[in-house]
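Q: Take a look at this one; I'll ask things after.
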Amino acid sequence: MRKLNIFVPPSQSFRAIKRVSLQSCTFAVDMDGHTPGEPVDMNAVAVVCRRAWNAVEPRDRTEMKSPAQTVIIHHTALRFCAHPRESVPQLAHIQHMHIQERGFDDIGYNFLISGDGMVYEGRGWGGIVGAHAKEHNFNSVGIAFMGNFNYEMPSSASLSALLRLLHIGVLHGHVQPNFVLVGHRDVAKTECPGEHLYALLPKLRDQLQNELFSVHSLH
């Protein structure tokens, strides 16, 4: 079976080099944006794990019974973040808000993506049910872009990161190959994920359909 090659860009993360693991996806990054000289798994995507952004432990975790059928795109509707120095405090703020103010068991999203293309682990993969779209959480994955995209455009780096993350989700069985990509406003009365990000979803659907079809035709 031929594997999909997914480029892992140099990442800006934390001062001490950290080994970050998400299922079988592994990478290492440093604060200056360099990857160490060791080989990088080309089927991996750069994901900053919970411990690296100092997430508190969840109150509880509920597992999904099957791979996600739907991927729901959100925006945080907060400050645009394009560097770990901005993203990490914002992640802590969002988790605190979700747990303390909204009564969630953890940060609501499965993943969050910043403007520099970094993916941050929220509830993560592994069939963990999120709290991001009422009545749709048990069969979906929620991915939030960090910013307010009613007023700004998502970066090309963040859009590319989403595509790589979803490829990994399908390849490792966390997301069904024929999943549906929607915006939060498609399943709830909300402006989320913002006009500019929502307008790009049809193009992203086309890219995903073409690329995932190409991958599966090689099997």
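Labeling convention for the structure tokens: chains A, B, ... as they appear, residues from 1 per chain, ligands from 1 in order of appearance.
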May I have the residues within 8 Å of range 139-143 of chain A as a PyMOL selection string, using only C-alpha atoms and disregarding those fewer than 4 positions away in the same chain?

A: chain A and resi 64+66-74+108-113+129-130+132-133

Q: With DSSP run on the backbone, what are the alpha helix (DSSP H) residues within range 12-209 of chain A? I'd like them as JSON, numbers by chain.

A: {"A": [84, 85, 86, 87, 88, 89, 90, 91, 92, 93, 94, 95, 96, 156, 157, 158, 159, 160, 161, 162, 163, 164, 165, 166, 167, 168, 169, 170, 171, 195, 196, 197, 198, 199, 200, 201, 202, 203, 204, 205, 206, 207, 208, 209]}

Q: Using only C-alpha atoms, find the one residue out of A:Arg164, A:His75, A:Arg61, A:His83 that sits nearest to Gly126 in chain A.

A: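 Using only C-alpha atoms, the shortest distance to Gly126 in chain A belongs to A:Arg61.
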
Q: Find the residues around range 197-200 of chain A up to 7 Å (only C-alpha atoms counted), leave out those fewer than 6 positions away in its own chain, and share them as an NGL selection string.

A: :A and (149 or 153-154 or 183)

Q: State, in Å with one decimal place, the distance from CA of Cys81 in chain A to CA of Arg205 in chain A.

A: 24.4 Å

Q: Would you list the contacts of Pro89 in chain A as a list of chain:residue names, taking every protein, DNA or RNA residue within 12 Å and counting only C-alpha atoms, but skipping same-chain residues closer than 4 positions in sequence?

A: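 Answer for this query is A:Ala52, A:Trp53, A:Asn54, A:Ala55, A:Arg79, A:Cys81, A:His83, A:Pro84, A:Arg85, A:His93, A:Ile94, A:Gln95, A:His96, A:Met146.
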
Q: Got a sec to tell me which of range 130-189 of chain A DSSP assigns to strand (DSSP E or B), as JSON, numbers by chain?

A: {"A": [140, 141, 142, 143, 144, 145, 175, 176, 177, 178, 179, 180, 181, 182, 183]}
